[in-house]
file entry-v2.txt (compact mmCIF, C-alpha atoms)
# COMPACT_ATOMS: atom_id res chain seq x y z
CA ILE A 1439 -57.37 -9.57 51.48
CA LYS A 1440 -56.33 -6.91 49.00
CA LYS A 1441 -59.42 -4.82 49.81
CA SER A 1442 -58.74 -5.12 53.55
CA GLU A 1443 -55.08 -4.18 53.04
CA GLU A 1444 -56.05 -1.03 51.13
CA LYS A 1445 -58.49 -0.08 53.88
CA LEU A 1446 -55.82 -0.81 56.50
CA SER A 1447 -53.22 1.39 54.83
CA LYS A 1448 -55.70 4.27 54.59
CA LEU A 1449 -56.58 3.98 58.29
CA GLN A 1450 -52.92 3.68 59.28
CA ARG A 1451 -52.13 6.90 57.39
CA ARG A 1452 -54.91 8.62 59.35
CA LEU A 1453 -53.60 7.16 62.62
CA SER A 1454 -50.09 8.47 61.94
CA LYS A 1455 -51.44 12.04 61.80
CA LYS A 1456 -52.99 11.86 65.28
CA GLU A 1457 -51.27 13.09 68.40
CA ARG A 1458 -50.00 10.05 70.25
CA PHE A 1459 -52.07 8.83 73.21
CA SER A 1460 -54.89 11.32 72.65
CA ASN A 1461 -58.53 10.23 72.54
CA ASN A 1462 -58.58 10.57 68.75
CA PHE A 1463 -55.44 8.43 68.54
CA TYR A 1464 -57.14 5.62 70.48
CA LYS A 1465 -60.28 5.89 68.32
CA ALA A 1466 -58.18 5.65 65.15
CA ALA A 1467 -56.16 2.75 66.61
CA ASN A 1468 -59.40 0.83 67.26
CA LYS A 1469 -60.44 1.42 63.64
CA VAL A 1470 -57.06 0.06 62.46
CA ALA A 1471 -57.54 -3.14 64.48
CA LYS A 1472 -60.62 -4.25 62.51
CA PRO A 1473 -58.98 -4.65 59.06
CA GLN A 1474 -55.94 -6.23 60.73
CA GLU A 1475 -58.20 -8.86 62.27
CA GLU A 1476 -60.03 -9.37 58.95
CA ILE A 1477 -56.74 -10.02 57.16
CA ALA A 1478 -55.61 -12.48 59.84
CA ASN A 1479 -58.98 -14.28 59.71
CA HIS A 1480 -58.91 -14.50 55.89
CA ARG A 1481 -55.41 -15.98 56.00
CA LYS A 1482 -56.24 -18.47 58.75
CA GLY A 1483 -59.46 -19.50 57.03
CA PHE A 1484 -57.62 -20.17 53.77
CA GLN A 1485 -54.90 -22.13 55.57
CA HIS A 1486 -57.41 -24.24 57.50
CA LYS A 1487 -59.43 -25.04 54.36
CA THR A 1488 -56.37 -25.88 52.28
CA SER A 1489 -54.75 -28.02 54.99
CA ARG A 1490 -58.04 -29.87 55.56
CA LYS A 1491 -58.34 -30.57 51.83
CA LEU A 1492 -54.77 -31.94 51.70
CA VAL A 1493 -55.37 -34.14 54.76
CA ASN A 1494 -58.62 -35.52 53.35
CA GLU A 1495 -57.07 -36.37 49.97
CA ASN A 1496 -53.71 -37.87 51.08
CA GLN A 1497 -52.27 -40.49 53.43
CA VAL A 1498 -48.78 -38.98 53.37
CA VAL A 1499 -47.83 -35.33 52.84
CA VAL A 1500 -44.23 -34.55 51.93
CA VAL A 1501 -42.99 -30.96 52.18
CA GLU A 1502 -39.61 -29.40 51.57
CA THR A 1503 -38.13 -27.22 54.28
CA LEU A 1504 -37.63 -23.86 52.62
CA ASN A 1505 -35.26 -21.00 53.36
CA ILE A 1506 -38.00 -18.44 53.93
CA LYS A 1507 -35.56 -15.86 55.27
CA GLY A 1508 -33.55 -16.07 52.05
CA MET A 1509 -36.65 -16.10 49.83
CA VAL A 1510 -37.98 -12.90 51.42
CA LYS A 1511 -34.89 -11.06 50.18
CA ASN A 1512 -36.30 -11.24 46.65
CA ARG A 1513 -38.02 -7.85 46.35
CA LYS A 1514 -40.61 -9.02 43.84
CA LEU A 1515 -41.77 -12.03 45.85
CA SER A 1516 -41.18 -10.93 49.43
CA LYS A 1517 -44.72 -9.68 50.14
CA ALA A 1518 -46.38 -12.78 48.69
CA ILE A 1519 -44.02 -15.07 50.62
CA SER A 1520 -44.50 -13.16 53.88
CA ASP A 1521 -48.29 -13.04 53.49
CA SER A 1522 -48.59 -16.78 52.93
CA GLY A 1523 -47.79 -17.63 56.58
CA TRP A 1524 -45.90 -20.80 55.64
CA SER A 1525 -44.95 -21.75 59.21
CA GLN A 1526 -48.53 -21.48 60.45
CA PHE A 1527 -49.79 -23.47 57.44
CA LEU A 1528 -47.31 -26.27 58.17
CA ALA A 1529 -48.38 -26.31 61.83
CA PHE A 1530 -52.04 -26.67 60.79
CA LEU A 1531 -51.15 -29.41 58.31
CA LYS A 1532 -49.00 -31.29 60.82
CA TYR A 1533 -51.57 -31.38 63.63
CA LYS A 1534 -54.41 -32.34 61.28
CA LEU A 1535 -52.38 -35.20 59.81
CA GLN A 1536 -51.45 -36.46 63.29
CA TRP A 1537 -55.08 -36.17 64.35
CA GLU A 1538 -56.13 -38.39 61.43
CA GLY A 1539 -53.27 -40.86 62.01
CA LYS A 1540 -51.59 -39.94 58.72
CA HIS A 1541 -47.96 -39.13 57.97
CA PHE A 1542 -46.13 -35.79 57.63
CA VAL A 1543 -42.61 -35.89 56.17
CA GLN A 1544 -40.23 -32.96 55.82
CA VAL A 1545 -37.41 -33.25 53.29
CA ASP A 1546 -34.24 -31.26 53.93
CA ARG A 1547 -33.87 -28.06 51.90
CA TRP A 1548 -30.48 -29.23 50.59
CA PHE A 1549 -32.05 -32.21 48.77
CA ALA A 1550 -31.63 -31.40 45.05
CA SER A 1551 -35.26 -32.04 44.08
CA SER A 1552 -35.19 -29.84 40.97
CA LYS A 1553 -31.78 -30.94 39.73
CA LEU A 1554 -32.27 -34.72 39.88
CA CYS A 1555 -33.69 -36.55 36.89
CA SER A 1556 -36.79 -38.38 38.13
CA SER A 1557 -36.24 -41.09 35.50
CA CYS A 1558 -32.61 -42.12 35.95
CA GLY A 1559 -31.37 -40.18 39.00
CA GLU A 1560 -28.70 -38.19 37.14
CA LYS A 1561 -27.97 -34.81 38.77
CA LYS A 1562 -27.73 -31.69 36.60
CA ILE A 1563 -25.04 -29.51 38.14
CA ALA A 1564 -25.85 -26.10 36.62
CA LEU A 1565 -29.57 -25.37 36.72
CA THR A 1566 -30.56 -21.73 36.97
CA LEU A 1567 -33.87 -20.54 38.40
CA SER A 1568 -34.91 -19.18 35.00
CA GLU A 1569 -34.66 -22.63 33.38
CA ARG A 1570 -38.18 -24.02 33.70
CA ASP A 1571 -37.65 -27.00 31.36
CA TRP A 1572 -34.49 -29.08 31.02
CA ALA A 1573 -33.35 -32.29 29.35
CA CYS A 1574 -31.36 -34.99 31.13
CA SER A 1575 -27.94 -35.54 29.51
CA SER A 1576 -27.92 -39.21 30.55
CA CYS A 1577 -31.35 -40.56 29.52
CA GLY A 1578 -32.65 -37.67 27.36
CA ALA A 1579 -35.88 -37.21 29.34
CA VAL A 1580 -37.30 -33.68 29.21
CA HIS A 1581 -38.47 -32.36 32.58
CA GLN A 1582 -40.60 -29.46 33.68
CA ARG A 1583 -38.79 -28.13 36.75
CA ASP A 1584 -41.66 -28.07 39.29
CA GLU A 1585 -43.22 -31.38 38.22
CA ASN A 1586 -39.82 -33.08 38.35
CA ALA A 1587 -39.20 -31.64 41.83
CA ALA A 1588 -42.60 -32.91 43.02
CA ILE A 1589 -41.83 -36.44 41.76
CA ASN A 1590 -38.40 -36.40 43.43
CA LEU A 1591 -39.81 -35.06 46.71
CA ARG A 1592 -42.45 -37.80 46.70
CA LYS A 1593 -39.78 -40.49 46.17
CA GLU A 1594 -37.55 -39.03 48.89
CA GLY A 1595 -40.45 -38.67 51.32
CA LEU A 1596 -41.50 -42.28 50.85
CA ARG A 1597 -37.86 -43.36 51.26
CA ILE A 1598 -37.62 -41.42 54.55
CA LEU A 1599 -40.96 -42.85 55.71
CA ASN A 1600 -39.77 -46.43 55.12
CA ILE A 1601 -36.57 -45.87 57.13
call {"tool": "encode", "arguments": {"input": "entry-v2.txt", "output": "structure tokens"}}
result
Amino acid sequence: IKKSEEKLSKLQRRLSKKERFSNNFYKAANKVAKPQEEIANHRKGFQHKTSRKLVNENQVVVVETLNIKGMVKNRKLSKAISDSGWSQFLAFLKYKLQWEGKHFVQVDRWFASSKLCSSCGEKKIALTLSERDWACSSCGAVHQRDENAAINLRKEGLRILNI
């Protein structure tokens, strides 16, 4: 994708120099379309392969609804988040799971998956994004933030599924 994006930016710079709606403008616009299509096809191919792998390996897939609009405001991560095509990936995952007769569960974004202790259920009030590891004040268990969130999301998803 990176190679196609570099090629795309080069062709777009050339296109911007052309007189609008001239023959050379249309030729340059057609050249710009090819890398755009390549990027879209790379992304879709990756999403299809990844969603198929998840569907084949699991009976239930639990995802957290994310505030993508808010996450894109982070200047360092915005391009990576935008390029991932999260909404399209979830659509692929959802229809493939339904097709196979498996379950897709979405957990609300306000569920405190990172802040809850997966051992005892105690909630840590102040947990900053930079804290990757934390210890529960109640039971003393040490948690890695993402692994703890995954365990909590799994529990919550199964709870929602049983309701």
call {"tool": "residues_around", "arguments": {"input": "entry-v2.txt", "residues": "region 1570-1585 of chain A", "least_positions_apart": "4", "cutoff": "8 Å", "atoms": "all atoms listed in the file", "output": "list in words"}}
result
Ser1552, Cys1555, Ser1557, Cys1558, Glu1560, Lys1562 and Ile1589 of chain A
call {"tool": "write_last_selection", "arguments": {"input": "entry-v2.txt", "atoms": "C-alpha atoms", "output": "JSON list (two decimals), in the coordinates of the input"}}
result
[["chain", "number", "residue", "atom", "x", "y", "z"],
["A", 1552, "SER", "CA", -35.19, -29.84, 40.97],
["A", 1555, "CYS", "CA", -33.69, -36.55, 36.89],
["A", 1557, "SER", "CA", -36.24, -41.09, 35.50],
["A", 1558, "CYS", "CA", -32.61, -42.12, 35.95],
["A", 1560, "GLU", "CA", -28.70, -38.19, 37.14],
["A", 1562, "LYS", "CA", -27.73, -31.69, 36.60],
["A", 1589, "ILE", "CA", -41.83, -36.44, 41.76]]
call {"tool": "residues_near_point", "arguments": {"input": "entry-v2.txt", "point": "(-52.6, -8.3, 52.3)", "cutoff": "12 Å", "atoms": "only C-alpha atoms", "output": "list in words"}}
result
Ile1439, Lys1440, Lys1441, Ser1442, Glu1443, Glu1444, Lys1445, Leu1446, Ser1447, Pro1473, Gln1474, Glu1475, Glu1476, Ile1477, Ala1478, Asn1479, His1480, Arg1481, Lys1517, Ala1518, Ile1519, Ser1520, Asp1521, Ser1522 and Gly1523 of chain A
call {"tool": "closest_residue", "arguments": {"input": "entry-v2.txt", "among": "A:Trp1524, A:Val1470, A:Gly1483, A:Asn1462", "to": "Leu1449 (chain A)", "atoms": "only C-alpha atoms"}}
result
A:Val1470
call {"tool": "closest_residue", "arguments": {"input": "entry-v2.txt", "among": "A:Leu1515, A:Val1545, A:Ala1471, A:Met1509", "to": "Ile1598 (chain A)", "atoms": "all atoms listed in the file"}}
result
A:Val1545
call {"tool": "atom_distance", "arguments": {"input": "entry-v2.txt", "atom1": "CA of Ser1525 (chain A)", "atom2": "CA of Ser1568 (chain A)"}}
result
26.3 Å
call {"tool": "closest_residue", "arguments": {"input": "entry-v2.txt", "among": "A:Leu1535, A:Ala1564, A:Leu1554, A:Val1543", "to": "Glu1495 (chain A)", "atoms": "all atoms listed in the file"}}
result
A:Leu1535
call {"tool": "residues_around", "arguments": {"input": "entry-v2.txt", "residues": "region 1527-1533 of chain A", "least_positions_apart": "2", "cutoff": "12 Å", "atoms": "all atoms listed in the file", "output": "PyMOL selection string"}}
result
chain A and resi 1481-1494+1496+1498-1504+1521-1525+1535-1544
call {"tool": "closest_residue", "arguments": {"input": "entry-v2.txt", "among": "A:Ser1516, A:Leu1591, A:Lys1534, A:Leu1565", "to": "Ser1551 (chain A)", "atoms": "all atoms listed in the file"}}
result
A:Leu1591
call {"tool": "closest_residue", "arguments": {"input": "entry-v2.txt", "among": "A:Arg1452, A:Arg1597, A:Lys1511, A:Arg1592", "to": "Asn1468 (chain A)", "atoms": "all atoms listed in the file"}}
result
A:Arg1452
call {"tool": "atom_distance", "arguments": {"input": "entry-v2.txt", "atom1": "CA of Ile1506 (chain A)", "atom2": "CA of Lys1448 (chain A)"}}
result
28.8 Å
call {"tool": "build_atoms", "arguments": {"input": "entry-v2.txt", "residues": "region 1499-1510 of chain A", "atoms": "all heavy atoms", "output": "short mmCIF file (atom, residue, chain, number, x, y, z; two decimals), in the frame of the given file"}}
result
data_model
loop_
_atom_site.label_atom_id
_atom_site.label_comp_id
_atom_site.auth_asym_id
_atom_site.auth_seq_id
_atom_site.Cartn_x
_atom_site.Cartn_y
_atom_site.Cartn_z
N VAL A 1499 -48.13 -36.64 53.43
CA VAL A 1499 -47.83 -35.33 52.84
C VAL A 1499 -46.34 -35.08 53.04
O VAL A 1499 -45.83 -35.16 54.15
CB VAL A 1499 -48.66 -34.20 53.51
CG1 VAL A 1499 -48.25 -32.84 52.97
CG2 VAL A 1499 -50.14 -34.43 53.28
N VAL A 1500 -45.66 -34.81 51.92
CA VAL A 1500 -44.23 -34.55 51.93
C VAL A 1500 -44.02 -33.09 51.58
O VAL A 1500 -44.52 -32.62 50.56
CB VAL A 1500 -43.49 -35.45 50.90
CG1 VAL A 1500 -42.00 -35.17 50.93
CG2 VAL A 1500 -43.76 -36.91 51.18
N VAL A 1501 -43.30 -32.37 52.44
CA VAL A 1501 -42.99 -30.96 52.18
C VAL A 1501 -41.48 -30.77 52.25
O VAL A 1501 -40.77 -31.52 52.92
CB VAL A 1501 -43.69 -30.00 53.17
CG1 VAL A 1501 -45.18 -30.07 53.03
CG2 VAL A 1501 -43.27 -30.28 54.59
N GLU A 1502 -41.03 -29.75 51.57
CA GLU A 1502 -39.61 -29.40 51.57
C GLU A 1502 -39.41 -28.24 52.54
O GLU A 1502 -40.17 -27.28 52.50
CB GLU A 1502 -39.22 -28.99 50.15
CG GLU A 1502 -37.77 -28.72 49.95
CD GLU A 1502 -37.46 -28.42 48.49
OE1 GLU A 1502 -38.37 -28.06 47.73
OE2 GLU A 1502 -36.27 -28.52 48.13
N THR A 1503 -38.43 -28.35 53.41
CA THR A 1503 -38.13 -27.22 54.28
C THR A 1503 -37.51 -26.14 53.42
O THR A 1503 -36.58 -26.39 52.68
CB THR A 1503 -37.16 -27.60 55.42
OG1 THR A 1503 -35.99 -28.16 54.84
CG2 THR A 1503 -37.78 -28.57 56.39
N LEU A 1504 -38.07 -24.95 53.48
CA LEU A 1504 -37.63 -23.86 52.62
C LEU A 1504 -36.88 -22.81 53.42
O LEU A 1504 -37.14 -22.62 54.61
CB LEU A 1504 -38.85 -23.21 51.95
CG LEU A 1504 -39.68 -24.12 51.05
CD1 LEU A 1504 -40.95 -23.41 50.63
CD2 LEU A 1504 -38.88 -24.55 49.84
N ASN A 1505 -36.00 -22.11 52.76
CA ASN A 1505 -35.26 -21.00 53.36
C ASN A 1505 -36.09 -19.73 53.19
O ASN A 1505 -35.85 -18.94 52.28
CB ASN A 1505 -33.89 -20.88 52.70
CG ASN A 1505 -33.08 -19.75 53.28
OD1 ASN A 1505 -33.40 -19.21 54.34
ND2 ASN A 1505 -32.03 -19.36 52.58
N ILE A 1506 -37.09 -19.56 54.04
CA ILE A 1506 -38.00 -18.44 53.93
C ILE A 1506 -37.26 -17.12 54.09
O ILE A 1506 -37.51 -16.16 53.36
CB ILE A 1506 -39.14 -18.55 54.97
CG1 ILE A 1506 -39.91 -19.86 54.80
CG2 ILE A 1506 -40.07 -17.36 54.89
CD1 ILE A 1506 -40.65 -20.02 53.50
N LYS A 1507 -36.33 -17.08 55.02
CA LYS A 1507 -35.56 -15.86 55.27
C LYS A 1507 -34.82 -15.42 54.00
O LYS A 1507 -34.79 -14.24 53.66
CB LYS A 1507 -34.56 -16.10 56.40
CG LYS A 1507 -34.11 -14.87 57.12
CD LYS A 1507 -33.16 -15.26 58.24
CE LYS A 1507 -33.50 -14.51 59.49
NZ LYS A 1507 -32.60 -14.83 60.59
N GLY A 1508 -34.26 -16.37 53.29
CA GLY A 1508 -33.55 -16.07 52.05
C GLY A 1508 -34.51 -15.70 50.93
O GLY A 1508 -34.22 -14.83 50.11
N MET A 1509 -35.67 -16.36 50.88
CA MET A 1509 -36.65 -16.10 49.83
C MET A 1509 -37.26 -14.71 49.96
O MET A 1509 -37.62 -14.08 48.96
CB MET A 1509 -37.75 -17.16 49.85
CG MET A 1509 -37.26 -18.53 49.43
SD MET A 1509 -38.44 -19.83 49.78
CE MET A 1509 -39.76 -19.45 48.67
N VAL A 1510 -37.38 -14.22 51.18
CA VAL A 1510 -37.98 -12.90 51.42
C VAL A 1510 -37.07 -11.78 50.91
O VAL A 1510 -37.54 -10.68 50.67
CB VAL A 1510 -38.30 -12.74 52.93
CG1 VAL A 1510 -38.67 -11.33 53.29
CG2 VAL A 1510 -39.44 -13.67 53.30
#
